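Have a look at the structure below, then the notes.
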4 protein chains.
Amino acid sequence: MKKLWQKKTGGKLHPALEVYTVGDDWKLDEFLLPYDLQASLAHAKMLHKIGILTQQELADLTRGLDELRKLHAQGKLTLTIEDEDCHTRIENELVARVGDAGKKIHTGRSRNDQVLVALRLLMKDKLGRLVPAVRVLAEQFRSLAKKYEWVPLPGYTHTQQAMLSSLGLWFGAFAEALEDDAKLLDAITSHLDQNPLGSAAGYGVSLPLDREFTARLLGFRKVQNNTIYCQNSRGKFESLTLEGLVQIMLTLSRFAADMLFFTSRECDYFIASDAIVTGSSIMPQKRNLDPLEILRGQTTVLTANHALVRNLTVGLISGYHRDLQLLKKSLLESLLIAEKSVEVVSIVLENIQPDIQTIESKIQPDIFAADVANDLVQTKGISFRDAYQQALQELKGRKIDLQKNLKSKISPGAPGNLKFDR
Amino acid sequence: MKKLWQKKTGGKLHPALEVYTVGDDWKLDEFLLPYDLQASLAHAKMLHKIGILTQQELADLTRGLDELRKLHAQGKLTLTIEDEDCHTRIENELVARVGDAGKKIHTGRSRNDQVLVALRLLMKDKLGRLVPAVRVLAEQFRSLAKKYEWVPLPGYTHTQQAMLSSLGLWFGAFAEALEDDAKLLDAITSHLDQNPLGSAAGYGVSLPLDREFTARLLGFRKVQNNTIYCQNSRGKFESLTLEGLVQIMLTLSRFAADMLFFTSRECDYFIASDAIVTGSSIMPQKRNLDPLEILRGQTTVLTANHALVRNLTVGLISGYHRDLQLLKKSLLESLLIAEKSVEVVSIVLENIQPDIQTIESKIQPDIFAADVANDLVQTKGISFRDAYQQALQELKGRKIDLQKNLKSKISPGAPGNLKFDR
Amino acid sequence: MKKLWQKKTGGKLHPALEVYTVGDDWKLDEFLLPYDLQASLAHAKMLHKIGILTQQELADLTRGLDELRKLHAQGKLTLTIEDEDCHTRIENELVARVGDAGKKIHTGRSRNDQVLVALRLLMKDKLGRLVPAVRVLAEQFRSLAKKYEWVPLPGYTHTQQAMLSSLGLWFGAFAEALEDDAKLLDAITSHLDQNPLGSAAGYGVSLPLDREFTARLLGFRKVQNNTIYCQNSRGKFESLTLEGLVQIMLTLSRFAADMLFFTSRECDYFIASDAIVTGSSIMPQKRNLDPLEILRGQTTVLTANHALVRNLTVGLISGYHRDLQLLKKSLLESLLIAEKSVEVVSIVLENIQPDIQTIESKIQPDIFAADVANDLVQTKGISFRDAYQQALQELKGRKIDLQKNLKSKISPGAPGNLKFDR
Amino acid sequence: MKKLWQKKTGGKLHPALEVYTVGDDWKLDEFLLPYDLQASLAHAKMLHKIGILTQQELADLTRGLDELRKLHAQGKLTLTIEDEDCHTRIENELVARVGDAGKKIHTGRSRNDQVLVALRLLMKDKLGRLVPAVRVLAEQFRSLAKKYEWVPLPGYTHTQQAMLSSLGLWFGAFAEALEDDAKLLDAITSHLDQNPLGSAAGYGVSLPLDREFTARLLGFRKVQNNTIYCQNSRGKFESLTLEGLVQIMLTLSRFAADMLFFTSRECDYFIASDAIVTGSSIMPQKRNLDPLEILRGQTTVLTANHALVRNLTVGLISGYHRDLQLLKKSLLESLLIAEKSVEVVSIVLENIQPDIQTIESKIQPDIFAADVANDLVQTKGISFRDAYQQALQELKGRKIDLQKNLKSKISPGAPGNLKFDR
């Protein structure tokens with residue numbers, strides 16, 4: 001494949017350096033290609049609008065891009081390392097398919113803004129699909145919270161039983177967290193919803209590009225104006241996207257950590273169906289929740305990816321550098337992990353049953369000490385700090401009704417007042 | 001000082017373990033104390049509203065808290081390691097100052113939600129002060145962009161001269177980036193603007209706390225409802241705050257990297273006044289921009305702090321753990337660094353003068369090759385890809401007028417069309 | 001205080017920039033100061049040896065440095081922010097105390113190699129003290145392993161009971177890990193045991209410095225030769241030191257994670273004395289192992305510090321940059337945390353008692369399934385994979401003798417064959 | 001493919017969870033497979049030695065393993081996701097090829113120690129190949145240092161010309177750094193050269209496994225004794241390996257950063273051949289050193305991988321967890337990047353030529369100010385601090401002979417005394 005930058009006279013890049021420099025980029029670019037095609041079409045329409053392309057040339061390019069789009073959808077447009085990247089491949093394909101018009105598609109743009117716009121479209125698209133999935137999962141948690149609203153559960157601090165909690169409170173915590181996470185993803189998506197196409201290599205061009213027009217065609221909220229800022233936001237916008245993904249993973253991994261503890265034989269609070277456990281090659285009794293361990297681990301993978309995307313850019317001067325290519329893998333991998341992790345938790349939720357009797361049997365009596373203290377405050381009028389000192393003594397011999405205790409927790413957001421309707 | 005959790009019968013925590021466990025927390029809590037006082041007052045008012053405190057008790061507590069607020073403002077309320085944390089100190093001070101009412105302040109709350117609400121108030125307050133400072137700095141960059149709109153500057157990619165840029169474009173890039181950063185900070189502040197007070201230890205209490213009331217008193221947008229979610233958002237909200245701060249640092253460190261390159265003797269594009277340079281103990285000629293090197297380094301400190309705040313929480317089950325105490329340092333340090341870094345860049349901007357003659361002398365002729373190619377496209381109607389191959393040849397002997405070239409870059413956001421009014 | 005680099009004619013650094021640039025460095029340099037004094041004395045002796053200093057000047061400097069050493073030991077040589085760093089303070093103090101000889105101490109050196117050598121001495125010293133402490137802790141674990149050699153304990157994989165383990169095996173695991181960690185620290189110390197003094201600003205000087213002589217005086221294994229490499233190893237050697245510290249923390253945090261699980265009420269395998277637990281401000285029953293939670297959290301602090309020390313240097317060109325100043329805090333903090341964490345675990349070990357009856361009562365019968373499978377292999381000659389399928393069935397009704405089972409685990413390093421004497 | 005842990009009665013893992021949990025592991029295991037075969041053969045020999053396998057069974061297994069080894073070498077043993085991992089595939093293949101003996105290979109081992117030993121062998125092998133490559137590269141740098149011993153080069157601090165340096169000093173810095181890195185890798189390799197095979201699932205087995213025997217067969221320095229420690233060293237040994245790799249990358253990325261600065265048009269110190277530069281799709285004049293930008297970026301990838309491998313394990317209790325599977329990718333990727341980066345730098349060195357005239361023309365006169373100060377110390381007997389104040393004045397009008405200046409830098413390790421023979 002012909003490189004877009006090959007000099008007529010020039011020697012070739014050393015093959016080992018080419019392999020090293022391109023790395024996995026050609027593979028990753030398969031994910032980017034449809035967005036590049038989409039942006040290329042918008043760019044062509046704009047070039048026609050400002051008189052650079054004739055009607056015929058636009059028609060040729062439209063046809064060529066459409067062919068490529070269909071080929072890709074059929075899985076027939078796979079890149080090779082020789083393609084270098086999807087931008088080069090698309091231009092070479094267009095030249096082969098529609099001739100001279102193909103050579104004109106790159107007018108007024110550079111691979112630098114081409115990759116920016118393709119990544120921006122990809123991020124918007126992926127986040128746009130993730131948000132509703134997160135909301136559906138939140139709803140699933142909320143349903144379980146309602147279903148098990150009055151099932152008691154030890155509430156922990158320091159991995160020690162602290163106060164009585166409930167499955168309603170516990171499931172509800174993840175519902176509210178995920179709703180918040182979804183709102184945040186919306187805000188993040190809105191922040192990066194800016195059109196970088198037309199910034200070219202980072203310094204603009206001498207053509208009256210209509211960037212508002214391509215922004216409209218591509219559904220961007222606005223044009224990202226300053227051409228250097230377009231380049232310099234590479235890494236920044238990926239970082240922000242990663243923050244949104246990490247927030248989701250932090251919610252899910254907290255659920256995973258709870259489940260892994262709650263399904264230890266020492267707790268046994270849930271019965272997990274065969275569909276979510278694996279076994280051991282040597283211990284036939286094992287029923288391990290490996291998917292949730294992987295989810296916990298992948299959370300750390302995402303935080304590492306997040307650290308990577310910004311550390312890659314610190315210290316670089318303004319403008320494009322090849323280092324930025326390495327942002328792609330972290331971004332794509334993280335988007336995929338987050339999407340799949342949401343699905344995994346949804347499946348896990350469908351395959352667990354609380355073992356209510358076991359849960360109740362494991363609740364420690366002294367978990368009610370703070371309640372007794374509060375009770376002393378209200379019934380005997382003594383100060384909390386004094387009641388605190390007497391509570392353990394008072395507790396002896398008391399028989400606590402779990403349901404009654406739960407229902408007494410009437411502060412907003414507490415087990416007895418979950419406020420599902422807020 | 002008496003610990004809030006000391007048992008009457010209990011032995012004491014080993015002194016070495018106390019020092020280890022408390023760590024720097026007592027020092028850091030000095031920053032948290034005024035917010036804790038603010039939230040304590042709101043809590044007391046609410047306790048009175050729901051009938052737990054008498055009018056007299058509220059008056060006593062109000063007086064006590066006010067005294068403490070004044071003492072702190074005068075720098076006379078300094079913590080010691082024996083205080084353990086600001087929450088303990090406040091309660092002990094109140095008991096000493098107003099007696100029994102002091103022992104009642106902790107009714108219906110826990111240090112777990114006390115620290116949450118104090119940190120939330122602190123984050124809101126600090127971000128609320130940072131945003132206008134960022135906007136002022138953006139304006140400062142914009143003024144310079146206008147002032148030097150037509151001063152040429154090499155535009156770089158790969159640390160190589162790429163195309164002609166301008167000081168207008170370059171300063172303008174930071175103006176737009178900072179405006180965007182400020183908007184993001186606003187969105188982030190709004191996300192965490194939720195009242196966790198009243199979630200107690202994470203499992204609510206059996207009192208009809210009026211959390212909407214404290215939310216209003218403290219200026220929160222809404223109540224953070226689910227009590228477990230309140231606890232589980234620890235680390236998540238710090239992470240989000242850090243993301244906002246890192247975004248600012250990424251903008252500023254890009255400026256720093258540019259400046260460090262542009263003020264190398266090889267470039268010499270700016271004259272830096274004595275106010276922003278340091279020297280060497282051994283080389284009398286040195287004029288180093290140390291403040292910007294520190295800023296670049298502090299950006300990495302913030303990304304490390306950011307990694308820390310989430311890695312601290314991954315793997316923990318729901319509810320409070322002492323590990324979370326270690327979030328404070330990273331958060332406070334990062335807020336301070338970001339605030340100071342904004343100030344540093346502002347001072348640097350006031351102390352640099354572009355050396356226009358030197359800049360112009362360093363511009364490489366072949367920086368115009370892409371322009372020539374575009375010119376060929378427009379004037380001779382040949383395709384961009386063919387023009388690209390001829391451009392270097394065409395360039396020979398051409399004399400490029402820098403001003404004319406800049407003005408020809410009319411694509412939106414480019415040097416000739418900066419669109420300050422957008 | 002006079003800066004070493006102040007020009008006679010020069011304006012001053014903007015006060016806000018000075019505060020920002022110096023940061024905490026003046027405070028951190030108090031830890032560095034004694035090593036700087038030590039290296040300064042060696043440098044002075046060497047300057048005398050090569051004829052730069054007279055006998056009298058050396059005597060003056062020796063006296064001055066000795067005074068400073070004593071003052072520091074008495075806590076009377078505290079730095080202020082105006083000192084900028086310990087190097088400047090020392091030179092200023094020497095000039096004030098011994099006059100012209102003080103102005104000569106900086107001959108043939110720069111703060112760039114001065115800080116390198118002081119840090120190198122500090123790392124060597126701190127690691128040299130840490131290693132024996134780690135070995136003593138390993139011995140403490142080994143003693144417990146021997147004491148409780150035959151006390152059964154569930155062995156876990158995936159936080160699920162897997163096979164029978166023992167306290168002997170468990171304590172022994174940490175003994176062997178810490179011995180290995182200590183060996184690694186020795187190797188690391190040896191690697192960085194190289195003298196950078198005499199590399200000056202990174203490019204040498206025109207004086208015949210005797211670097212072998214200062215190496216001998218300071219106890220270095222060898223001279224670090226190339227002067228640029230001396231500078232470029234900044235960050236690399238800190239990183240290596242951090243790796244050694246992280247290795248220890250990984251061992252200790254694994255112990256902490258085990259203990260936090262084993263002391264949950266669901267396990268209750270250990271009785272913890274009051275000396276190692278804290279309570280809650282609201283729940284009087286709580287006995288939390290906060291010191292081990294802090295230790296777990298500090299492990300993450302160290303991994304963040306480690307990430308920081310190398311990310312600070314990536315992208316910098318050769319030679320000193322002010323960014324490197326920010327390495328100090330991470331290094332000093334991490335050395336302190338590791339040292340204290342070793343002490344914490346030692347204290348914890350002295351304050352826990354296994355509750356053997358409880359442990360035995362929590363062992364699940366099917367933990368022996370793999371043993372039954374192996375038994376079938378040996379006694380019935382069937383293949384392991386077939387035996388695996390029959391084991392759970394075979395297990396029903398079998399009564400397993402815990403001691404016998406432990407003693408049957410005769411593979412080297414297993415509970416029945418701990419090989420303390422290896 | 002049959003899972004090693006499939007229950008006869010059990011339902012299957014949900015397909016989406018299987019895909020999620022296995023992830024890329026099956027692909028990564030292709031790299032692990034030959035080491036697993038090697039360890040499996042040693043395990044089989046040992047089982048025969050202790051009487052578990054008959055001579056015939058060993059012969060069968062040996063044949064089977066040899067067939068697999070050959071198939072793999074021919075690229076014909078590729079894993080699929082259904083295989084789950086290489087351990088399962090090998091056992092299934094053996095059963096298919098040699099029948100009942102295949103079912104016996106897993107006696108006395110678990111996938112938990114199987115993966116440990118395979119990874120250990122892989123790390124040893126890869127590091128063992130890397131060390132000589134690093135030493136060869138060091139030699140290449142040393143040759144260049146000798147060749148260009150007296151070619152001047154500005155020496156920088158703070159990205160500012162500081163003192164005169166030389167290509168000899170500069171190339172020599174990387175030679176010494178790489179030699180040190182290689183020594184460190186040797187020490188690291190020695191540390192992890194311990195046999196974990198025979199630790200089974202982490203709790204040993206009731207068979208008299210001869211772990212010394214397998215250690216000898218596999219070339220391990222010693223047996224890693226305690227079976228829990230074997231498991232708990234997962235992550236620790238990967239971390240140590242990564243530290244070694246990061247150290248190399250830190251050396252190479254410093255070279256890359258220098259080269260990227262030195263080949264900017266502002267410096268132009270080197271002529272780079274076509275074999276190591278790429279171009280731009282829009283700017284025909286561009287000659288970018290992309291391979292070195294990728295190398296700089298990959299350094300950050302490795303530090304992120306390093307952070308990942310330990311953060312994955314912090315907070316886990318003792319014993320195997322599925323999270324640990326995620327260590328593989330980081331390890332394998334990092335080993336590959338380090339190996340390739342060494343090759344890249346070697347190729348770059350073969351394709352650069354210093355442009356001595358340009359270098360000399362860019363040296364700033366005041367770079368000699370410190371030398372003048374030292375000269376005043378030696379010739380006029382004034383103190384360094386006073387000489388420092390006069391040097392810039394003295395410098396005016398002086399003509400500095402570059403060669404003479406370089407040769408005057410006689411302190412050991414300085415340009416005039418590189419001590420190649422040390």
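Numbering starts fresh at 1 for the residues of each chain in the structure tokens, the chains themselves are lettered A, B, ... in the order given, and ligands are numbered from 1 as they appear.
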Contacts of Lys104 of chain B within 8 Å, only C-alpha atoms, excl. fewer than 3 positions in-chain, as an MDAnalysis selection string: (chainID A and resid 383:385) or (chainID B and resid 53 100:101 107)
Tell me, as a count of residues only, which residues lie within 7 Å of His321 of chain B, counting only C-alpha atoms; anything in the same chain fewer than 6 positions away does not count. 3
Compile a residue-level contact table for segment 267-353 of chain D against segment 258-265 of chain C at a cut-off of 12 Å, reporting for every qualifying residue the shortest atom pair and its distance in Å to one decimal, with only C-alpha atoms counted, rows ordered by chain and ascending number, as JSON lines.
{"residue": "D:Val314", "atom": "CA", "partner": "C:Asp258", "partner_atom": "CA", "distance": 11.3}
{"residue": "D:Gly315", "atom": "CA", "partner": "C:Asp258", "partner_atom": "CA", "distance": 8.8}
{"residue": "D:Leu316", "atom": "CA", "partner": "C:Asp258", "partner_atom": "CA", "distance": 7.9}
{"residue": "D:Ile317", "atom": "CA", "partner": "C:Asp258", "partner_atom": "CA", "distance": 4.9}
{"residue": "D:Ser318", "atom": "CA", "partner": "C:Asp258", "partner_atom": "CA", "distance": 6.5}
{"residue": "D:Gly319", "atom": "CA", "partner": "C:Asp258", "partner_atom": "CA", "distance": 9.9}
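The residue set within 12 Å of Lys407 of chain C, counting only C-alpha atoms and dropping same-chain residues fewer than 2 places from it, reads Glu149, Trp150, Val151, Pro152, Leu164, Ser165, Ser166, Gly168, Leu169, Asp401, Leu402, Gln403, Lys404, Asn405, Lys409, Ile410, Ser411, Pro412, Ala414, Pro415, Gly416, Asn417 and Leu418 of chain C; Gly204, Val205, Ser206, Leu207 and Pro208 of chain D.
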So which bits of segment 1-136 of chain D end up helix (DSSP H, G or I) when you DSSP the backbone, as a PyMOL selection string? chain D and resi 15-22+25-49+55-73+81-83+86-98+100-104+111-136
Nearby residues (only C-alpha atoms) at most 10 Å from Cys230 of chain D, same-chain spacing under 3 positions excluded, as a compact mmCIF listing (two decimals) with all heavy atoms, in the first residue's frame:
# COMPACT_ATOMS: atom_id res chain seq x y z
N ALA C 173 4.36 -18.35 55.13
CA ALA C 173 4.36 -17.69 53.81
C ALA C 173 4.92 -16.28 53.91
O ALA C 173 5.70 -15.84 53.05
CB ALA C 173 2.95 -17.66 53.23
N GLU C 176 8.81 -16.35 54.56
CA GLU C 176 9.62 -16.57 53.35
C GLU C 176 9.55 -15.36 52.42
O GLU C 176 10.55 -14.96 51.82
CB GLU C 176 9.14 -17.83 52.63
CG GLU C 176 10.07 -18.24 51.47
CD GLU C 176 9.72 -19.60 50.87
OE1 GLU C 176 9.11 -20.44 51.59
OE2 GLU C 176 10.05 -19.83 49.69
N ALA C 177 8.37 -14.77 52.31
CA ALA C 177 8.22 -13.59 51.45
C ALA C 177 9.13 -12.46 51.93
O ALA C 177 9.83 -11.82 51.14
CB ALA C 177 6.77 -13.13 51.42
N GLY C 413 7.04 -27.74 51.29
CA GLY C 413 6.44 -26.43 51.42
C GLY C 413 4.97 -26.48 51.79
O GLY C 413 4.35 -25.43 52.00
N ASN D 112 -3.10 -23.60 39.14
CA ASN D 112 -2.52 -22.48 39.89
C ASN D 112 -1.00 -22.52 39.90
O ASN D 112 -0.34 -21.48 39.80
CB ASN D 112 -3.04 -22.46 41.34
CG ASN D 112 -4.50 -22.10 41.42
OD1 ASN D 112 -5.15 -21.87 40.40
ND2 ASN D 112 -5.04 -22.04 42.63
N ASP D 113 -0.41 -23.72 40.08
CA ASP D 113 1.06 -23.74 40.03
C ASP D 113 1.55 -23.94 38.60
O ASP D 113 2.67 -23.57 38.26
CB ASP D 113 1.68 -24.76 41.00
CG ASP D 113 1.32 -26.19 40.70
OD1 ASP D 113 0.23 -26.44 40.14
OD2 ASP D 113 2.11 -27.09 41.05
N LEU D 116 1.96 -20.56 37.24
CA LEU D 116 3.11 -19.92 37.90
C LEU D 116 4.42 -20.37 37.27
O LEU D 116 5.29 -19.55 36.97
CB LEU D 116 3.14 -20.28 39.40
CG LEU D 116 2.24 -19.53 40.35
CD1 LEU D 116 2.46 -20.05 41.76
CD2 LEU D 116 2.50 -18.03 40.30
N VAL D 117 4.57 -21.69 37.10
CA VAL D 117 5.85 -22.17 36.60
C VAL D 117 6.04 -21.80 35.14
O VAL D 117 7.15 -21.44 34.72
CB VAL D 117 6.01 -23.70 36.84
CG1 VAL D 117 5.08 -24.52 35.95
CG2 VAL D 117 7.46 -24.11 36.63
N GLN D 194 13.12 -19.18 40.87
CA GLN D 194 12.70 -20.10 41.92
C GLN D 194 11.54 -20.95 41.38
O GLN D 194 10.64 -20.44 40.74
CB GLN D 194 12.21 -19.33 43.14
CG GLN D 194 13.18 -18.27 43.68
CD GLN D 194 12.67 -17.66 44.98
OE1 GLN D 194 12.02 -18.32 45.78
NE2 GLN D 194 12.97 -16.39 45.18
N ASN D 195 11.56 -22.20 41.71
CA ASN D 195 10.58 -23.16 41.18
C ASN D 195 9.29 -23.20 42.01
O ASN D 195 9.29 -23.70 43.14
CB ASN D 195 11.22 -24.56 41.17
CG ASN D 195 10.28 -25.59 40.61
OD1 ASN D 195 9.35 -25.27 39.87
ND2 ASN D 195 10.53 -26.85 40.96
N PRO D 196 8.19 -22.74 41.43
CA PRO D 196 6.91 -22.80 42.16
C PRO D 196 6.14 -24.09 41.89
O PRO D 196 5.11 -24.33 42.52
CB PRO D 196 6.14 -21.60 41.58
CG PRO D 196 6.63 -21.52 40.16
CD PRO D 196 8.06 -22.00 40.16
N LEU D 197 6.63 -24.88 40.94
CA LEU D 197 5.90 -26.11 40.58
C LEU D 197 5.88 -27.06 41.78
O LEU D 197 6.91 -27.27 42.42
CB LEU D 197 6.57 -26.78 39.37
CG LEU D 197 5.90 -28.03 38.81
CD1 LEU D 197 4.49 -27.74 38.30
CD2 LEU D 197 6.74 -28.65 37.70
N GLY D 198 4.73 -27.62 42.03
CA GLY D 198 4.58 -28.49 43.18
C GLY D 198 3.87 -27.81 44.35
O GLY D 198 3.62 -28.42 45.37
N SER D 199 3.56 -26.53 44.17
CA SER D 199 2.77 -25.86 45.22
C SER D 199 1.28 -26.11 45.02
O SER D 199 0.47 -25.75 45.86
CB SER D 199 3.08 -24.36 45.23
OG SER D 199 2.79 -23.78 43.97
N ALA D 200 0.96 -26.72 43.88
CA ALA D 200 -0.43 -27.09 43.56
C ALA D 200 -1.36 -25.88 43.65
O ALA D 200 -1.01 -24.79 43.19
CB ALA D 200 -0.88 -28.23 44.45
N ALA D 201 -2.52 -26.05 44.25
CA ALA D 201 -3.48 -24.94 44.29
C ALA D 201 -3.04 -23.86 45.27
O ALA D 201 -3.69 -22.83 45.40
CB ALA D 201 -4.86 -25.45 44.66
N GLY D 202 -1.94 -24.09 45.97
CA GLY D 202 -1.44 -23.11 46.94
C GLY D 202 -1.34 -23.71 48.33
O GLY D 202 -0.87 -23.06 49.27
N TYR D 203 -1.74 -24.98 48.44
CA TYR D 203 -1.78 -25.61 49.77
C TYR D 203 -1.15 -27.00 49.77
O TYR D 203 -1.34 -27.77 50.69
CB TYR D 203 -3.23 -25.63 50.28
CG TYR D 203 -3.78 -24.23 50.33
CD1 TYR D 203 -4.58 -23.74 49.31
CD2 TYR D 203 -3.39 -23.35 51.34
CE1 TYR D 203 -5.01 -22.41 49.31
CE2 TYR D 203 -3.82 -22.03 51.34
CZ TYR D 203 -4.62 -21.57 50.32
OH TYR D 203 -5.03 -20.26 50.33
N VAL D 223 14.17 -24.10 44.88
CA VAL D 223 12.73 -24.29 45.03
C VAL D 223 12.16 -23.10 45.80
O VAL D 223 12.75 -22.65 46.78
CB VAL D 223 12.44 -25.60 45.80
CG1 VAL D 223 10.97 -25.69 46.22
CG2 VAL D 223 12.83 -26.81 44.95
N GLN D 224 11.04 -22.57 45.33
CA GLN D 224 10.30 -21.60 46.14
C GLN D 224 9.46 -22.44 47.09
O GLN D 224 8.55 -23.15 46.66
CB GLN D 224 9.42 -20.72 45.23
CG GLN D 224 8.77 -19.56 45.96
CD GLN D 224 7.99 -18.65 45.02
OE1 GLN D 224 7.64 -19.06 43.91
NE2 GLN D 224 7.71 -17.44 45.46
N ASN D 225 9.78 -22.37 48.35
CA ASN D 225 9.29 -23.40 49.27
C ASN D 225 7.81 -23.28 49.64
O ASN D 225 6.97 -24.05 49.18
CB ASN D 225 10.15 -23.36 50.54
CG ASN D 225 9.76 -24.41 51.53
OD1 ASN D 225 9.72 -25.60 51.20
ND2 ASN D 225 9.42 -24.00 52.75
N ASN D 226 7.48 -22.33 50.47
CA ASN D 226 6.13 -22.22 51.03
C ASN D 226 5.07 -22.10 49.93
O ASN D 226 5.15 -21.21 49.09
CB ASN D 226 6.09 -21.00 51.97
CG ASN D 226 4.79 -20.88 52.71
OD1 ASN D 226 3.75 -20.62 52.12
ND2 ASN D 226 4.83 -21.08 54.02
N THR D 227 4.08 -22.99 49.99
CA THR D 227 3.13 -23.05 48.88
C THR D 227 2.23 -21.81 48.79
O THR D 227 1.82 -21.43 47.70
CB THR D 227 2.24 -24.30 48.99
OG1 THR D 227 1.60 -24.30 50.29
CG2 THR D 227 3.07 -25.57 48.83
N SER D 233 3.38 -14.70 45.44
CA SER D 233 4.42 -13.99 44.69
C SER D 233 3.93 -13.63 43.29
O SER D 233 4.60 -12.88 42.58
CB SER D 233 5.71 -14.82 44.63
OG SER D 233 5.51 -16.03 43.95
N ARG D 234 2.78 -14.16 42.90
CA ARG D 234 2.18 -13.72 41.63
C ARG D 234 1.91 -12.22 41.74
O ARG D 234 1.34 -11.76 42.73
CB ARG D 234 0.88 -14.50 41.39
CG ARG D 234 0.23 -14.23 40.03
CD ARG D 234 0.65 -15.26 39.01
NE ARG D 234 0.14 -14.99 37.68
CZ ARG D 234 -0.97 -15.53 37.17
NH1 ARG D 234 -1.66 -16.40 37.88
NH2 ARG D 234 -1.36 -15.25 35.95
N GLY D 319 -3.75 -16.43 48.28
CA GLY D 319 -4.28 -17.46 47.40
C GLY D 319 -4.68 -16.92 46.05
O GLY D 319 -4.72 -15.70 45.84
N TYR D 320 -4.96 -17.84 45.15
CA TYR D 320 -5.28 -17.46 43.77
C TYR D 320 -6.63 -16.75 43.66
O TYR D 320 -7.59 -17.11 44.33
CB TYR D 320 -5.30 -18.71 42.87
CG TYR D 320 -5.61 -18.36 41.45
CD1 TYR D 320 -4.64 -17.86 40.60
CD2 TYR D 320 -6.91 -18.49 40.94
CE1 TYR D 320 -4.93 -17.50 39.29
CE2 TYR D 320 -7.21 -18.14 39.63
CZ TYR D 320 -6.21 -17.65 38.81
OH TYR D 320 -6.51 -17.28 37.53
Check segment 90-252 of chain C with DSSP on the backbone and list each residue it calls strand (DSSP E or B), as a ChimeraX atom specification. /C:152-157,160-166,194-195,222-223
